[in-house]
$ cat my_file.pdb   # PDB, C-alpha atoms, pLDDT in the B column
MODEL        1
ATOM      1  CA  MET A   1     -10.957   0.542  -9.155  1.00 49.00           C
ATOM      2  CA  MET A   2     -10.342   4.173  -9.983  1.00 50.00           C
ATOM      3  CA  GLU A   3      -9.062   5.740 -13.153  1.00 48.00           C
ATOM      4  CA  THR A   4      -5.414   6.473 -12.565  1.00 49.00           C
ATOM      5  CA  ARG A   5      -2.713   8.657 -14.089  1.00 50.00           C
ATOM      6  CA  MET A   6       0.851   7.479 -14.219  1.00 51.00           C
ATOM      7  CA  SER A   7       2.493  10.105 -16.408  1.00 54.00           C
ATOM      8  CA  GLU A   8       3.059  12.642 -13.634  1.00 69.00           C
ATOM      9  CA  ALA A   9       5.479  12.364 -10.735  1.00 87.00           C
ATOM     10  CA  GLU A  10       2.890  11.893  -8.023  1.00 95.00           C
ATOM     11  CA  PRO A  11       1.554   8.931  -6.087  1.00 97.00           C
ATOM     12  CA  ILE A  12      -1.204   7.134  -7.963  1.00 97.00           C
ATOM     13  CA  ARG A  13      -4.707   7.708  -6.603  1.00 97.00           C
ATOM     14  CA  ILE A  14      -5.725   4.076  -6.905  1.00 96.00           C
ATOM     15  CA  TRP A  15      -8.695   3.330  -4.630  1.00 98.00           C
ATOM     16  CA  GLU A  16     -11.700   4.838  -2.797  1.00 98.00           C
ATOM     17  CA  GLU A  17     -13.946   3.238  -0.223  1.00 98.00           C
ATOM     18  CA  THR A  18     -16.604   4.207   2.321  1.00 98.00           C
ATOM     19  CA  VAL A  19     -16.313   3.117   5.959  1.00 98.00           C
ATOM     20  CA  ASP A  20     -18.999   0.508   6.640  1.00 98.00           C
ATOM     21  CA  ALA A  21     -20.885   0.513   9.937  1.00 98.00           C
ATOM     22  CA  ALA A  22     -19.657  -3.037  10.646  1.00 98.00           C
ATOM     23  CA  TRP A  23     -16.065  -1.742  10.640  1.00 98.00           C
ATOM     24  CA  VAL A  24     -16.569   0.644  13.555  1.00 98.00           C
ATOM     25  CA  ASP A  25     -15.327  -0.534  16.951  1.00 97.00           C
ATOM     26  CA  TYR A  26     -16.243   0.232  20.559  1.00 97.00           C
ATOM     27  CA  ASN A  27     -14.284   3.492  20.361  1.00 97.00           C
ATOM     28  CA  GLY A  28     -16.633   4.796  17.672  1.00 96.00           C
ATOM     29  CA  HIS A  29     -14.085   4.809  14.851  1.00 97.00           C
ATOM     30  CA  MET A  30     -12.864   2.376  12.215  1.00 98.00           C
ATOM     31  CA  ASN A  31     -11.115  -0.628  13.770  1.00 97.00           C
ATOM     32  CA  VAL A  32      -7.443  -1.151  12.906  1.00 96.00           C
ATOM     33  CA  ALA A  33      -8.181  -4.316  10.905  1.00 97.00           C
ATOM     34  CA  TYR A  34     -10.294  -2.399   8.416  1.00 98.00           C
ATOM     35  CA  TYR A  35      -7.594   0.143   7.659  1.00 98.00           C
ATOM     36  CA  VAL A  36      -5.526  -2.860   6.571  1.00 98.00           C
ATOM     37  CA  LEU A  37      -8.484  -4.210   4.565  1.00 98.00           C
ATOM     38  CA  ILE A  38      -8.831  -0.951   2.646  1.00 98.00           C
ATOM     39  CA  PHE A  39      -5.071  -0.856   2.033  1.00 98.00           C
ATOM     40  CA  ASP A  40      -5.288  -4.448   0.777  1.00 98.00           C
ATOM     41  CA  HIS A  41      -8.027  -3.437  -1.672  1.00 98.00           C
ATOM     42  CA  ALA A  42      -5.707  -0.674  -2.918  1.00 98.00           C
ATOM     43  CA  THR A  43      -2.844  -3.148  -3.290  1.00 98.00           C
ATOM     44  CA  ASP A  44      -5.085  -5.427  -5.355  1.00 98.00           C
ATOM     45  CA  ALA A  45      -6.120  -2.467  -7.541  1.00 98.00           C
ATOM     46  CA  PHE A  46      -2.461  -1.582  -8.093  1.00 98.00           C
ATOM     47  CA  LEU A  47      -1.598  -5.175  -8.978  1.00 98.00           C
ATOM     48  CA  ILE A  48      -4.458  -5.320 -11.488  1.00 97.00           C
ATOM     49  CA  GLN A  49      -3.221  -2.074 -13.019  1.00 96.00           C
ATOM     50  CA  ILE A  50       0.247  -3.531 -13.644  1.00 97.00           C
ATOM     51  CA  GLY A  51      -1.213  -6.762 -15.062  1.00 96.00           C
ATOM     52  CA  MET A  52      -1.064  -9.023 -12.002  1.00 96.00           C
ATOM     53  CA  GLY A  53      -4.742  -9.834 -11.750  1.00 93.00           C
ATOM     54  CA  GLU A  54      -6.539 -13.159 -11.374  1.00 93.00           C
ATOM     55  CA  GLU A  55      -6.072 -14.042 -15.049  1.00 93.00           C
ATOM     56  CA  LEU A  56      -2.285 -13.904 -14.699  1.00 92.00           C
ATOM     57  CA  ARG A  57      -2.396 -16.026 -11.536  1.00 93.00           C
ATOM     58  CA  GLU A  58      -4.436 -18.667 -13.338  1.00 95.00           C
ATOM     59  CA  ARG A  59      -2.253 -18.576 -16.453  1.00 94.00           C
ATOM     60  CA  THR A  60       1.181 -18.518 -14.787  1.00 93.00           C
ATOM     61  CA  GLY A  61       0.582 -20.000 -11.333  1.00 94.00           C
ATOM     62  CA  SER A  62       2.275 -16.997  -9.784  1.00 95.00           C
ATOM     63  CA  SER A  63       1.123 -14.356  -7.352  1.00 97.00           C
ATOM     64  CA  VAL A  64       2.474 -12.058  -4.679  1.00 97.00           C
ATOM     65  CA  PHE A  65       2.832 -12.434  -0.935  1.00 98.00           C
ATOM     66  CA  VAL A  66       3.347  -9.619   1.532  1.00 98.00           C
ATOM     67  CA  ALA A  67       6.583 -10.280   3.427  1.00 97.00           C
ATOM     68  CA  GLU A  68       6.436  -7.244   5.699  1.00 97.00           C
ATOM     69  CA  ALA A  69       3.920  -4.509   6.470  1.00 97.00           C
ATOM     70  CA  HIS A  70       3.905  -1.401   8.608  1.00 97.00           C
ATOM     71  CA  VAL A  71       0.803   0.698   9.334  1.00 97.00           C
ATOM     72  CA  THR A  72       0.589   4.106  10.964  1.00 97.00           C
ATOM     73  CA  TYR A  73      -2.699   5.479  12.253  1.00 97.00           C
ATOM     74  CA  ASP A  74      -2.670   9.242  11.942  1.00 97.00           C
ATOM     75  CA  ASN A  75      -6.312  10.307  12.148  1.00 96.00           C
ATOM     76  CA  GLU A  76      -9.430   8.432  13.116  1.00 97.00           C
ATOM     77  CA  VAL A  77     -12.000   7.617  10.440  1.00 98.00           C
ATOM     78  CA  LEU A  78     -15.674   7.434  11.271  1.00 98.00           C
ATOM     79  CA  GLU A  79     -18.609   5.439   9.919  1.00 98.00           C
ATOM     80  CA  GLY A  80     -19.765   6.644   6.522  1.00 98.00           C
ATOM     81  CA  GLU A  81     -16.636   8.654   5.763  1.00 98.00           C
ATOM     82  CA  ARG A  82     -15.150   8.127   2.331  1.00 98.00           C
ATOM     83  CA  VAL A  83     -11.400   7.655   2.023  1.00 98.00           C
ATOM     84  CA  TYR A  84      -9.020   7.374  -0.893  1.00 98.00           C
ATOM     85  CA  ILE A  85      -5.649   5.659  -1.189  1.00 98.00           C
ATOM     86  CA  THR A  86      -2.589   6.901  -3.027  1.00 98.00           C
ATOM     87  CA  THR A  87       0.198   4.491  -3.898  1.00 98.00           C
ATOM     88  CA  GLN A  88       3.877   5.161  -4.496  1.00 98.00           C
ATOM     89  CA  VAL A  89       6.438   2.641  -5.714  1.00 98.00           C
ATOM     90  CA  VAL A  90       9.380   3.206  -3.357  1.00 97.00           C
ATOM     91  CA  GLY A  91      11.588   0.465  -4.779  1.00 97.00           C
ATOM     92  CA  SER A  92      11.650  -2.760  -6.729  1.00 97.00           C
ATOM     93  CA  ASP A  93      13.838  -5.427  -8.203  1.00 97.00           C
ATOM     94  CA  GLU A  94      13.167  -8.572 -10.221  1.00 97.00           C
ATOM     95  CA  LYS A  95      11.451 -10.323  -7.266  1.00 98.00           C
ATOM     96  CA  ARG A  96      10.336  -7.584  -4.846  1.00 98.00           C
ATOM     97  CA  LEU A  97       8.066  -4.562  -4.828  1.00 98.00           C
ATOM     98  CA  HIS A  98       8.205  -1.902  -2.100  1.00 98.00           C
ATOM     99  CA  LEU A  99       4.941   0.084  -1.964  1.00 98.00           C
ATOM    100  CA  PHE A 100       3.837   2.967   0.202  1.00 98.00           C
ATOM    101  CA  HIS A 101       0.109   3.692   0.522  1.00 98.00           C
ATOM    102  CA  GLN A 102      -1.460   6.759   2.104  1.00 98.00           C
ATOM    103  CA  MET A 103      -5.113   6.919   3.167  1.00 98.00           C
ATOM    104  CA  HIS A 104      -6.797  10.328   3.019  1.00 98.00           C
ATOM    105  CA  LYS A 105     -10.312  11.539   3.789  1.00 98.00           C
ATOM    106  CA  CYS A 106     -12.120  12.521   0.604  1.00 98.00           C
ATOM    107  CA  ALA A 107     -13.831  15.411   2.405  1.00 98.00           C
ATOM    108  CA  ASP A 108     -10.659  17.348   3.235  1.00 98.00           C
ATOM    109  CA  ASP A 109      -7.648  15.332   1.980  1.00 98.00           C
ATOM    110  CA  SER A 110      -6.364  14.909   5.550  1.00 98.00           C
ATOM    111  CA  LEU A 111      -4.016  11.989   6.116  1.00 98.00           C
ATOM    112  CA  CYS A 112      -5.659   9.116   8.030  1.00 98.00           C
ATOM    113  CA  ALA A 113      -3.112   6.314   7.829  1.00 98.00           C
ATOM    114  CA  THR A 114      -0.142   4.913   5.928  1.00 98.00           C
ATOM    115  CA  ASN A 115       0.777   1.382   4.893  1.00 98.00           C
ATOM    116  CA  GLU A 116       4.256   0.339   3.805  1.00 98.00           C
ATOM    117  CA  LEU A 117       4.600  -3.066   2.151  1.00 98.00           C
ATOM    118  CA  MET A 118       7.381  -5.343   0.965  1.00 98.00           C
ATOM    119  CA  ILE A 119       5.795  -7.643  -1.594  1.00 98.00           C
ATOM    120  CA  LEU A 120       7.410 -10.786  -3.038  1.00 98.00           C
ATOM    121  CA  HIS A 121       6.605 -12.490  -6.331  1.00 98.00           C
ATOM    122  CA  VAL A 122       5.932 -16.186  -5.640  1.00 98.00           C
ATOM    123  CA  ASN A 123       5.523 -19.329  -7.739  1.00 96.00           C
ATOM    124  CA  LEU A 124       2.379 -20.898  -6.247  1.00 96.00           C
ATOM    125  CA  GLN A 125       3.467 -24.446  -7.132  1.00 95.00           C
ATOM    126  CA  SER A 126       6.898 -24.338  -5.497  1.00 97.00           C
ATOM    127  CA  ARG A 127       5.881 -21.673  -2.938  1.00 97.00           C
ATOM    128  CA  LYS A 128       9.238 -20.011  -3.609  1.00 98.00           C
ATOM    129  CA  VAL A 129      10.115 -16.444  -4.459  1.00 98.00           C
ATOM    130  CA  GLY A 130      11.023 -15.905  -8.099  1.00 97.00           C
ATOM    131  CA  PRO A 131      11.245 -13.175 -10.724  1.00 97.00           C
ATOM    132  CA  PHE A 132       8.199 -11.263 -11.937  1.00 97.00           C
ATOM    133  CA  PRO A 133       7.162 -12.027 -15.522  1.00 96.00           C
ATOM    134  CA  ASP A 134       9.085  -9.695 -17.832  1.00 96.00           C
ATOM    135  CA  PHE A 135       6.094  -7.524 -18.751  1.00 96.00           C
ATOM    136  CA  ILE A 136       5.158  -7.077 -15.071  1.00 97.00           C
ATOM    137  CA  HIS A 137       8.739  -6.200 -14.171  1.00 97.00           C
ATOM    138  CA  THR A 138       8.734  -3.654 -17.016  1.00 97.00           C
ATOM    139  CA  ALA A 139       5.458  -2.116 -15.797  1.00 97.00           C
ATOM    140  CA  ILE A 140       6.861  -1.813 -12.272  1.00 98.00           C
ATOM    141  CA  LYS A 141      10.108  -0.278 -13.583  1.00 97.00           C
ATOM    142  CA  ASP A 142       8.134   2.249 -15.657  1.00 96.00           C
ATOM    143  CA  ILE A 143       6.209   3.419 -12.585  1.00 97.00           C
ATOM    144  CA  SER A 144       9.388   3.342 -10.500  1.00 96.00           C
ATOM    145  CA  LYS A 145      11.094   5.692 -12.965  1.00 96.00           C
ATOM    146  CA  ILE A 146       8.245   8.190 -12.630  1.00 96.00           C
ATOM    147  CA  HIS A 147       8.105   7.832  -8.841  1.00 97.00           C
ATOM    148  CA  ALA A 148      11.895   8.214  -8.540  1.00 95.00           C
ATOM    149  CA  ALA A 149      11.318  11.977  -8.850  1.00 95.00           C
ATOM    150  CA  LEU A 150       9.222  11.911  -5.655  1.00 96.00           C
ATOM    151  CA  GLU A 151      10.625  12.321  -2.190  1.00 95.00           C
ATOM    152  CA  LYS A 152      10.560   9.208  -0.073  1.00 95.00           C
ATOM    153  CA  PRO A 153       7.531   9.574   2.247  1.00 95.00           C
ATOM    154  CA  SER A 154       8.586  10.726   5.706  1.00 94.00           C
ATOM    155  CA  LYS A 155       6.845   7.764   7.346  1.00 95.00           C
ATOM    156  CA  CYS A 156       8.529   5.248   5.036  1.00 96.00           C
ATOM    157  CA  GLY A 157      11.099   2.984   6.689  1.00 94.00           C
ATOM    158  CA  ARG A 158      10.020   3.708  10.231  1.00 90.00           C
ATOM    159  CA  THR A 159      10.550   1.297  13.070  1.00 89.00           C
ATOM    160  CA  ILE A 160       8.580   0.824  16.241  1.00 90.00           C
ATOM    161  CA  ALA A 161      10.435   1.797  19.393  1.00 89.00           C
ATOM    162  CA  ILE A 162      10.011   3.662  22.632  1.00 90.00           C
ATOM    163  CA  PRO A 163      12.375   6.626  22.363  1.00 84.00           C
ATOM    164  CA  ASN A 164      15.197   6.787  24.857  1.00 86.00           C
ATOM    165  CA  ARG A 165      14.564   9.773  27.044  1.00 82.00           C
ATOM    166  CA  PRO A 166      17.263  11.367  29.152  1.00 81.00           C
ATOM    167  CA  LYS A 167      16.972  10.484  32.797  1.00 78.00           C
ATOM    168  CA  PRO A 168      16.273  13.456  35.049  1.00 77.00           C
ATOM    169  CA  SER A 169      19.260  14.772  36.969  1.00 74.00           C
ATOM    170  CA  SER A 170      19.116  14.185  40.692  1.00 65.00           C
TER     171      SER A 170
ENDMDL
END
$ encode --input "my_file.pdb" --output "structure tokens"
Amino acid sequence: MMETRMSEAEPIRIWEETVDAAWVDYNGHMNVAYYVLIFDHATDAFLIQIGMGEELRERTGSSVFVAEAHVTYDNEVLEGERVYITTQVVGSDEKRLHLFHQMHKCADDSLCATNELMILHVNLQSRKVGPFPDFIHTAIKDISKIHAALEKPSKCGRTIAIPNRPKPSS
């Protein structure tokens, strides 16, 4: 996990990782599954930062599940390249957390990919969605207040569709 700052209105630089040779596919770049893996590592780092680590899961029997995810692939990443993830809290309530991650190359800060997540707080015994513990909800709200000053990322809230194109005139 990286040292993070949360006093400024900017996404939190939460995670760095180097592309392993085993993650490279037949096209010579990182396979789509490993972008998601790196984003998942960043999500875990964020959760630890707000107090939702393994100790809390063991003590309270609660955790989080991802209910929806959207990934964009903006730039290929090659073996051995180092990337970092920034995280922005886009929204939250007592049971849900809406995160937006961006993956950048450490070498030049270019955007490689984005990952938008809707995360639910879940009681692991009942397997039902329920409210975050108060201190976790407070931590999320504190970050949300800081991130409220940020613009919503342009790739946030996108849907997948083939654009309607006008038919040529005959």
$ residues_around --input "my_file.pdb" --residues "Lys155 (chain A)" --least-positions-apart "2" --cutoff "9 Å" --atoms "only C-alpha atoms" --output "count of residues only"
7
$ residues_around --input "my_file.pdb" --residues "Leu78 (chain A)" --least-positions-apart "4" --cutoff "8 Å" --atoms "all atoms listed in the file" --output "PyMOL selection string"
chain A and resi 19+24+28-30
$ residues_around --input "my_file.pdb" --residues "region 89-95 of chain A" --least-positions-apart "6" --cutoff "10 Å" --atoms "all atoms listed in the file" --output "number ranges by chain"
A: 11-12, 64, 101, 116-122, 129-134, 136-138, 140-141, 143-148, 150-153, 156
$ write_last_selection --input "my_file.pdb" --atoms "C-alpha atoms" --output "CSV table (one decimal), in the coordinates of the input"
chain,number,residue,atom,x,y,z
A,11,PRO,CA,1.6,8.9,-6.1
A,12,ILE,CA,-1.2,7.1,-8.0
A,64,VAL,CA,2.5,-12.1,-4.7
A,101,HIS,CA,0.1,3.7,0.5
A,116,GLU,CA,4.3,0.3,3.8
A,117,LEU,CA,4.6,-3.1,2.2
A,118,MET,CA,7.4,-5.3,1.0
A,119,ILE,CA,5.8,-7.6,-1.6
A,120,LEU,CA,7.4,-10.8,-3.0
A,121,HIS,CA,6.6,-12.5,-6.3
A,122,VAL,CA,5.9,-16.2,-5.6
A,129,VAL,CA,10.1,-16.4,-4.5
A,130,GLY,CA,11.0,-15.9,-8.1
A,131,PRO,CA,11.2,-13.2,-10.7
A,132,PHE,CA,8.2,-11.3,-11.9
A,133,PRO,CA,7.2,-12.0,-15.5
A,134,ASP,CA,9.1,-9.7,-17.8
A,136,ILE,CA,5.2,-7.1,-15.1
A,137,HIS,CA,8.7,-6.2,-14.2
A,138,THR,CA,8.7,-3.7,-17.0
A,140,ILE,CA,6.9,-1.8,-12.3
A,141,LYS,CA,10.1,-0.3,-13.6
A,143,ILE,CA,6.2,3.4,-12.6
A,144,SER,CA,9.4,3.3,-10.5
A,145,LYS,CA,11.1,5.7,-13.0
A,146,ILE,CA,8.2,8.2,-12.6
A,147,HIS,CA,8.1,7.8,-8.8
A,148,ALA,CA,11.9,8.2,-8.5
A,150,LEU,CA,9.2,11.9,-5.7
A,151,GLU,CA,10.6,12.3,-2.2
A,152,LYS,CA,10.6,9.2,-0.1
A,153,PRO,CA,7.5,9.6,2.2
A,156,CYS,CA,8.5,5.2,5.0
$ atom_distance --input "my_file.pdb" --atom1 "CA of Asp108 (chain A)" --atom2 "CA of His70 (chain A)"
24.3 Å
$ resolve_selection --input "my_file.pdb" --expression "the PyMOL selection byres ((chain A and resi 111) around 12)" --output "PyMOL selection string"
chain A and resi 72-77+83-86+101-110+112-115+155
$ write_last_selection --input "my_file.pdb" --atoms "C-alpha atoms" --output "mmCIF file, in the frame of the given file"
data_model
loop_
_atom_site.group_PDB
_atom_site.id
_atom_site.type_symbol
_atom_site.label_atom_id
_atom_site.label_comp_id
_atom_site.auth_asym_id
_atom_site.auth_seq_id
_atom_site.Cartn_x
_atom_site.Cartn_y
_atom_site.Cartn_z
ATOM 1 C CA THR A 72 0.589 4.106 10.964
ATOM 2 C CA TYR A 73 -2.699 5.479 12.253
ATOM 3 C CA ASP A 74 -2.670 9.242 11.942
ATOM 4 C CA ASN A 75 -6.312 10.307 12.148
ATOM 5 C CA GLU A 76 -9.430 8.432 13.116
ATOM 6 C CA VAL A 77 -12.000 7.617 10.440
ATOM 7 C CA VAL A 83 -11.400 7.655 2.023
ATOM 8 C CA TYR A 84 -9.020 7.374 -0.893
ATOM 9 C CA ILE A 85 -5.649 5.659 -1.189
ATOM 10 C CA THR A 86 -2.589 6.901 -3.027
ATOM 11 C CA HIS A 101 0.109 3.692 0.522
ATOM 12 C CA GLN A 102 -1.460 6.759 2.104
ATOM 13 C CA MET A 103 -5.113 6.919 3.167
ATOM 14 C CA HIS A 104 -6.797 10.328 3.019
ATOM 15 C CA LYS A 105 -10.312 11.539 3.789
ATOM 16 C CA CYS A 106 -12.120 12.521 0.604
ATOM 17 C CA ALA A 107 -13.831 15.411 2.405
ATOM 18 C CA ASP A 108 -10.659 17.348 3.235
ATOM 19 C CA ASP A 109 -7.648 15.332 1.980
ATOM 20 C CA SER A 110 -6.364 14.909 5.550
ATOM 21 C CA CYS A 112 -5.659 9.116 8.030
ATOM 22 C CA ALA A 113 -3.112 6.314 7.829
ATOM 23 C CA THR A 114 -0.142 4.913 5.928
ATOM 24 C CA ASN A 115 0.777 1.382 4.893
ATOM 25 C CA LYS A 155 6.845 7.764 7.346
#
$ atom_distance --input "my_file.pdb" --atom1 "CA of Trp15 (chain A)" --atom2 "CA of Ala42 (chain A)"
5.3 Å
$ atom_distance --input "my_file.pdb" --atom1 "CA of Ala149 (chain A)" --atom2 "CA of Thr43 (chain A)"
21.5 Å
$ closest_residue --input "my_file.pdb" --among "A:Ile14, A:Leu97, A:Met52, A:Ile38" --to "Val71 (chain A)" --atoms "all atoms listed in the file"
A:Ile38
$ closest_residue --input "my_file.pdb" --among "A:Ala69, A:Gln88, A:Arg127, A:Val36" --to "Phe100 (chain A)" --atoms "all atoms listed in the file"
A:Gln88
